[in-house]
Amino acid sequence: MDDFYREVIIDRYKNPQFRGTLDPHDISFQDDNPLCGDHIQVDLRLGADGRVAEATFDGHGCAISQASADLLMESVIGKSLNDIKQLTRDDILQLLGIDLGPVRLKCALLSLKVLKAGVYGLKAASDDLVD
Amino acid sequence: MTASNPMSAINIPFDIEHIRADFPVLNREVRPGLPLVYLDSTASSQKPEAVIEAMNGFYRCCNANIHRGVHTLAEEATAAYEGARARVARFINAPSARQVIFTRNATEAINLVAYAWGRANLSAGDVVILTEMEHHANLVPWHILATEKNIRLEFIPVNEAGLLDLDEYRRLLTLGPKLVSFTHMSNVLGTITPAEEIIRQAKAVGAVTLVDGAQSVPHFAVNVQSLGCDFLAFSSHKMCGPTGIGVLYGGKEILEAMPPFMGGGDMIKSVHLRSFTPNALPYKFEAGTPAIAEAVGLGAAVDYLSRIGMDAIAAHEQAMIAYALERLEEVPGVKVYGPSAQHKGGVAAFSLAGVHPHDIAQILDEGGVAVRAGHHCAQPLHEKLGIPATARASFYLYNTPAEVDKLIEGLYRVKKVFS
Ligand SMILES: Cc1ncc(COP(=O)(O)O)c(C=O)c1O
């Protein structure tokens with residue numbers, strides 16, 4: 001049952017590879033999960049080809065939210081903004097390698113929601129982005 | 001006190017196995033082989049057979065809309081609904097059942113006061129005193145009114161010990177508040193507030209008082225006449241009753257002087273095309289078809305709690321929290337928030353160094369232990385504590401010391417996963 005906390009999740013939570021902020025950046029966005037007070041900020045820097053050259057996240061939250069943010073940042077490097085717009089909840093679940101109930105799904109999807117809201121240039125993040 | 005034989009170390013004032021047998025859900029396994037350890041009664045309690053059966057029985061035998069009808073079922077349904085009101089009135093020692101208004105929950109009861117009494121009686125610059133440890137239910141209605149009416153909100157601070165700062169309260173009273181609205185027991189810190197004292201001092205300066213009894217009424221005897229409050233709000237689902245129904249108790253004169261809250265059927269005496277006359281208490285505040293079966297369930301819950309005795313329940317929870325605090329403090333990295341056991345009810349909000357409360361709750365659930373994680377609808381209090389969230393274990397009449405031991409075992413598992 002402790003499979004939920006797969007090694008990769010605990011490892012990314014304790015030793016994130018993409019934690020930080022980028023200044024200057026091309027895209028930056030942040031949002032909270034009001035349920036648990038989780039907070040995530042995502043910064044992106046784009047290369048000359050318009051693809052993501054650097055990606056970081058910052059903030060605080062549970063292992064699921066932090067590990068999924070770290071894995072997501074890793075996965076978007078080299079992607080175009082259009083590729084990012086196509087990302088779905090299934091991509092996150094695949095990165096985490098676990099199945100999640102409705103409450104924890106919100107934690108896992110917070111970083112994707114923040115990332116997509118930034119890429120779309122929205123004023124506010126919406127759950128529609130990750131449905 | 002030893003962990004190996006806690007049952008002998010704490011004094012349980014009733015036959016706990018008998019009580020547990022009254023609650024069907026406590027028999028279930030969360031997953032095969034994993035019995036449920038339910039430590040989340042502060043959010044919502046479990047329901048005894050007697051309550052479930054009372055509601056079933058109502059639907060099977062005498063379901064009909066209440067009042068006005070003259071057929072047998074309507075008469076029986078009305079008697080059942082009004083009988084529940086009378087039971088609730090006795091339970092809190094209200095002078096009259098007419099002073100017991102059924103709402104959807106404690107939240108709606110507080111909103112009723114804010115909208116009906118507050119709108120009619122508060123104006124720009126008026127002071128309302130709340131506390132820093134309120135549930136959002138006793139904050140946001142006043143925020144809304146503050147925006148609408150420009151009233152001024154003041155807060156009794158929570159001190160380091162998790163208690164209200166009564167010196168600061170006395171200072172705030174010199175501002176001449178119109179209302180003092182406060183929780184009888186914090187759903188995070190577990191702090192039981194000195195309600196009688198707070199009310200006595202509020203009355204001395206002419207303020208109206210509202211007690212949020214969502215956590216007190218389920219857990220110890222609350223007597224509105226000895227409290228002397230103008231209003232008391234609470235929810236059925238936290239006291240062994242169903243969801244969907246709550247109570248506002250109010251003083252007779254203040255309720256009579258208040259304008260209605262919602263308009264519609266039942267709350268009127270007469271209606272004309274361009275006017276209406278409100279009904280008498282309590283119907284004036286009960287617009288539309290109420291939660292009838294739920295009232296019946298709440299009545300059964302009150303009977304159930306009374307039969308066991310609120311003093312015995314309080315004594316049991318006192319023993320449980322003392323034992324839980326002792327065991328929690330043994331676990332390295334655990335920090336419990338709130339006062340010592342003698343000032344609190346059966347609630348332990350805690351953190352574990354390096355682990356987010358969500359992860360604590362998730363791993364505990366893997367061992368069948370249900371606790372809650374988050375800010376528990378008390379975000380300002382968590383801001384004051386300087387943490388975004390806590391994990392919270394809470395106890396009710398059906399919990400055992402052995403369940404505390406399961407919680408502690410679970411916390412050691414959490415530590416191992418995150419080691
Ligand atoms: C102290 C306190 N007040 C009010 C409420 C609101 O209760 P309800 O959601 O049933 O309206 C709660 C519930 O958690 C509470 O603990």
# chains A, B, ... in the order shown; residues from 1 in each chain; ligands from 1
call {"tool": "interface_residues", "arguments": {"of": "chain A", "to": "chain B", "cutoff": "12 Å", "atoms": "only C-alpha atoms", "output": "number ranges by chain"}}
result
A: 1-15, 32-39, 59-66, 100-101, 103-108
call {"tool": "write_last_selection", "arguments": {"atoms": "N, CA, C and O atoms", "output": "compact mmCIF listing (two decimals), in the first residue's frame"}}
result
# COMPACT_ATOMS: atom_id res chain seq x y z
N MET A 1 0.83 -1.21 0.00
CA MET A 1 0.00 0.00 0.00
C MET A 1 0.87 1.27 0.00
O MET A 1 0.49 2.28 -0.56
N ASP A 2 2.04 1.17 0.65
CA ASP A 2 2.94 2.31 0.66
C ASP A 2 3.49 2.61 -0.74
O ASP A 2 4.26 3.54 -0.93
N ASP A 3 3.01 1.83 -1.73
CA ASP A 3 3.38 2.06 -3.14
C ASP A 3 3.06 3.48 -3.55
O ASP A 3 3.67 4.04 -4.45
N PHE A 4 2.05 4.03 -2.88
CA PHE A 4 1.63 5.38 -3.17
C PHE A 4 2.83 6.32 -3.09
O PHE A 4 3.01 7.20 -3.93
N TYR A 5 3.61 6.12 -2.05
CA TYR A 5 4.81 6.95 -1.90
C TYR A 5 5.99 6.25 -2.54
O TYR A 5 6.93 5.86 -1.87
N ARG A 6 5.88 6.06 -3.85
CA ARG A 6 6.96 5.44 -4.60
C ARG A 6 8.25 6.21 -4.33
O ARG A 6 8.22 7.41 -4.05
N GLU A 7 9.34 5.50 -4.48
CA GLU A 7 10.63 6.11 -4.18
C GLU A 7 10.82 7.43 -4.93
O GLU A 7 11.31 8.39 -4.38
N VAL A 8 10.38 7.44 -6.19
CA VAL A 8 10.61 8.64 -6.99
C VAL A 8 9.89 9.84 -6.37
O VAL A 8 10.39 10.96 -6.39
N ILE A 9 8.72 9.59 -5.78
CA ILE A 9 7.95 10.71 -5.21
C ILE A 9 8.66 11.26 -3.96
O ILE A 9 8.86 12.47 -3.82
N ILE A 10 9.06 10.36 -3.08
CA ILE A 10 9.76 10.79 -1.88
C ILE A 10 11.08 11.47 -2.26
O ILE A 10 11.45 12.52 -1.72
N ASP A 11 11.76 10.88 -3.24
CA ASP A 11 13.05 11.43 -3.65
C ASP A 11 12.91 12.83 -4.24
O ASP A 11 13.65 13.74 -3.89
N ARG A 12 11.93 13.01 -5.12
CA ARG A 12 11.73 14.32 -5.74
C ARG A 12 11.26 15.35 -4.70
O ARG A 12 11.53 16.54 -4.83
N TYR A 13 10.49 14.88 -3.72
CA TYR A 13 10.01 15.78 -2.67
C TYR A 13 11.20 16.27 -1.84
O TYR A 13 11.33 17.46 -1.55
N LYS A 14 12.08 15.31 -1.49
CA LYS A 14 13.19 15.69 -0.61
C LYS A 14 14.33 16.36 -1.37
O LYS A 14 15.01 17.24 -0.84
N ASN A 15 14.55 15.93 -2.60
CA ASN A 15 15.66 16.49 -3.39
C ASN A 15 15.17 16.94 -4.76
O ASN A 15 15.49 16.33 -5.78
N ASP A 32 -2.69 28.88 -5.74
CA ASP A 32 -2.80 28.09 -4.51
C ASP A 32 -3.83 26.98 -4.69
O ASP A 32 -4.74 27.09 -5.48
N ASN A 33 -3.69 25.98 -3.87
CA ASN A 33 -4.76 25.00 -3.69
C ASN A 33 -5.43 25.37 -2.36
O ASN A 33 -4.87 25.14 -1.31
N PRO A 34 -6.61 25.98 -2.44
CA PRO A 34 -7.21 26.53 -1.22
C PRO A 34 -7.53 25.45 -0.19
O PRO A 34 -7.63 25.73 0.99
N LEU A 35 -7.68 24.23 -0.63
CA LEU A 35 -8.03 23.13 0.26
C LEU A 35 -6.96 22.90 1.31
O LEU A 35 -7.24 22.58 2.45
N CYS A 36 -5.71 23.00 0.90
CA CYS A 36 -4.65 22.60 1.82
C CYS A 36 -3.58 23.68 1.93
O CYS A 36 -2.57 23.47 2.58
N GLY A 37 -3.80 24.82 1.28
CA GLY A 37 -2.81 25.88 1.38
C GLY A 37 -1.56 25.64 0.57
O GLY A 37 -0.56 26.32 0.75
N ASP A 38 -1.58 24.64 -0.32
CA ASP A 38 -0.42 24.44 -1.19
C ASP A 38 -0.27 25.64 -2.11
O ASP A 38 -1.26 26.23 -2.53
N HIS A 39 0.99 25.96 -2.42
CA HIS A 39 1.24 27.12 -3.29
C HIS A 39 2.31 26.73 -4.30
O HIS A 39 3.31 26.12 -3.92
N GLY A 59 7.53 27.03 -4.13
CA GLY A 59 6.31 26.97 -3.33
C GLY A 59 6.39 25.90 -2.28
O GLY A 59 7.48 25.40 -1.96
N HIS A 60 5.24 25.55 -1.72
CA HIS A 60 5.24 24.54 -0.67
C HIS A 60 3.97 23.71 -0.77
O HIS A 60 2.97 24.14 -1.33
N GLY A 61 4.06 22.52 -0.23
CA GLY A 61 2.90 21.64 -0.26
C GLY A 61 3.29 20.22 0.05
O GLY A 61 4.41 19.95 0.49
N CYS A 62 2.37 19.30 -0.18
CA CYS A 62 2.59 17.90 0.15
C CYS A 62 3.53 17.25 -0.85
O CYS A 62 3.88 17.83 -1.88
N ALA A 63 3.95 16.05 -0.54
CA ALA A 63 4.90 15.33 -1.38
C ALA A 63 4.36 15.17 -2.80
O ALA A 63 5.10 15.30 -3.77
N ILE A 64 3.06 14.90 -2.90
CA ILE A 64 2.48 14.68 -4.23
C ILE A 64 2.55 15.96 -5.06
O ILE A 64 2.93 15.94 -6.23
N SER A 65 2.20 17.09 -4.47
CA SER A 65 2.18 18.33 -5.24
C SER A 65 3.60 18.76 -5.62
O SER A 65 3.85 19.21 -6.73
N GLN A 66 4.53 18.60 -4.70
CA GLN A 66 5.90 19.04 -4.96
C GLN A 66 6.61 18.10 -5.94
O GLN A 66 7.31 18.53 -6.85
N LEU A 100 -4.78 8.33 -8.25
CA LEU A 100 -5.12 9.23 -7.14
C LEU A 100 -6.60 9.43 -7.00
O LEU A 100 -7.32 9.52 -8.01
N GLY A 101 -7.08 9.55 -5.77
CA GLY A 101 -8.48 9.91 -5.51
C GLY A 101 -8.69 11.39 -5.78
O GLY A 101 -7.73 12.12 -6.04
N VAL A 103 -9.35 14.03 -4.03
CA VAL A 103 -8.74 15.07 -3.19
C VAL A 103 -7.27 15.23 -3.54
O VAL A 103 -6.77 16.34 -3.79
N ARG A 104 -6.56 14.11 -3.57
CA ARG A 104 -5.13 14.19 -3.87
C ARG A 104 -4.86 14.56 -5.32
O ARG A 104 -3.79 15.07 -5.65
N LEU A 105 -5.80 14.26 -6.21
CA LEU A 105 -5.62 14.65 -7.61
C LEU A 105 -5.42 16.15 -7.72
O LEU A 105 -4.61 16.63 -8.52
N LYS A 106 -6.13 16.91 -6.89
CA LYS A 106 -6.00 18.37 -6.91
C LYS A 106 -4.56 18.78 -6.58
O LYS A 106 -4.03 19.72 -7.16
N CYS A 107 -3.96 18.08 -5.62
CA CYS A 107 -2.57 18.37 -5.25
C CYS A 107 -1.66 18.09 -6.45
O CYS A 107 -0.79 18.88 -6.79
N ALA A 108 -1.90 16.94 -7.08
CA ALA A 108 -1.02 16.51 -8.17
C ALA A 108 -1.13 17.44 -9.37
O ALA A 108 -0.16 17.65 -10.09
call {"tool": "select_by_dssp", "arguments": {"residues": "chain A", "states": "strand (DSSP E)", "output": "list in words"}}
result
Ile27, Ser28, Phe29, Gln30, Asp31, Asp32, Asn33, Asp38, His39, Ile40, Gln41, Val42, Asp43, Leu44, Arg45, Leu46, Val52, Ala53, Glu54, Ala55, Thr56, Phe57, Asp58, Gly59 and His60 of chain A
call {"tool": "residues_near_ligand", "arguments": {"ligand": "ligand 1", "cutoff": "10 Å", "atoms": "only C-alpha atoms and all ligand atoms", "output": "PyMOL selection string"}}
result
chain B and resi 41-44+103-111+133-139+182-188+190+211-216+233-238+243-247+376-378
call {"tool": "residues_around", "arguments": {"residues": "stretch 79-87 of chain A", "least_positions_apart": "5", "cutoff": "10 Å", "atoms": "only C-alpha atoms", "output": "ChimeraX atom specification"}}
result
/A:46-47,49-53,92,112-113,115-117,119-120,129-130
call {"tool": "write_last_selection", "arguments": {"atoms": "C-alpha atoms", "output": "short mmCIF file (atom, residue, chain, number, x, y, z; two decimals), in the first residue's frame"}}
result
data_model
loop_
_atom_site.label_atom_id
_atom_site.label_comp_id
_atom_site.auth_asym_id
_atom_site.auth_seq_id
_atom_site.Cartn_x
_atom_site.Cartn_y
_atom_site.Cartn_z
CA LEU A 46 12.15 30.06 -23.81
CA GLY A 47 14.91 29.42 -26.33
CA ASP A 49 13.19 28.29 -31.23
CA GLY A 50 10.33 29.16 -28.89
CA ARG A 51 10.73 25.92 -26.95
CA VAL A 52 11.19 25.73 -23.19
CA ALA A 53 14.88 26.10 -22.36
CA ILE A 92 0.77 13.87 -14.70
CA LEU A 112 0.00 21.64 -14.42
CA LYS A 113 -2.81 24.10 -13.80
CA LEU A 115 1.89 25.98 -15.93
CA LYS A 116 -0.98 26.01 -18.43
CA ALA A 117 -2.49 29.22 -17.05
CA VAL A 119 1.33 29.48 -21.06
CA TYR A 120 -2.15 30.57 -22.09
CA LEU A 129 -7.28 23.56 -17.68
CA VAL A 130 -6.70 20.13 -16.16
#
call {"tool": "select_by_dssp", "arguments": {"residues": "stretch 240-415 of chain B", "states": "alpha helix (DSSP H)", "output": "NGL selection string"}}
result
:B and (252-257 or 292-308 or 310-330 or 357-366 or 379-385 or 401-415)
call {"tool": "closest_residue", "arguments": {"among": "B:Lys269, B:Arg85, B:Arg60, B:Arg31", "to": "B:Ala300", "atoms": "only C-alpha atoms"}}
result
B:Arg85
call {"tool": "atom_distance", "arguments": {"atom1": "atom CA of B:Ala89", "atom2": "atom CA of B:Met262"}}
result
22.5 Å
call {"tool": "residues_around", "arguments": {"residues": "stretch 330-339 of chain B", "least_positions_apart": "6", "cutoff": "10 Å", "atoms": "only C-alpha atoms", "output": "ChimeraX atom specification"}}
result
/B:158-163,186,188-192,324,345,347-355,385,390-392,408-409,411-412,415
call {"tool": "residues_around", "arguments": {"residues": "B:Lys149", "least_positions_apart": "5", "cutoff": "8 Å", "atoms": "only C-alpha atoms", "output": "short mmCIF file (atom, residue, chain, number, x, y, z; two decimals) with N, CA and C atoms, in the first residue's frame"}}
result
data_model
loop_
_atom_site.label_atom_id
_atom_site.label_comp_id
_atom_site.auth_asym_id
_atom_site.auth_seq_id
_atom_site.Cartn_x
_atom_site.Cartn_y
_atom_site.Cartn_z
N ARG B 119 -28.17 42.91 9.74
CA ARG B 119 -28.58 43.94 8.78
C ARG B 119 -29.50 44.98 9.40
N LEU B 122 -27.00 46.68 12.80
CA LEU B 122 -25.63 47.18 12.74
C LEU B 122 -25.52 48.26 11.67
N SER B 123 -24.75 49.28 11.95
CA SER B 123 -24.52 50.30 10.92
C SER B 123 -23.06 50.74 10.97
N ALA B 124 -22.70 51.60 10.05
CA ALA B 124 -21.30 51.98 9.84
C ALA B 124 -20.62 52.33 11.16
#
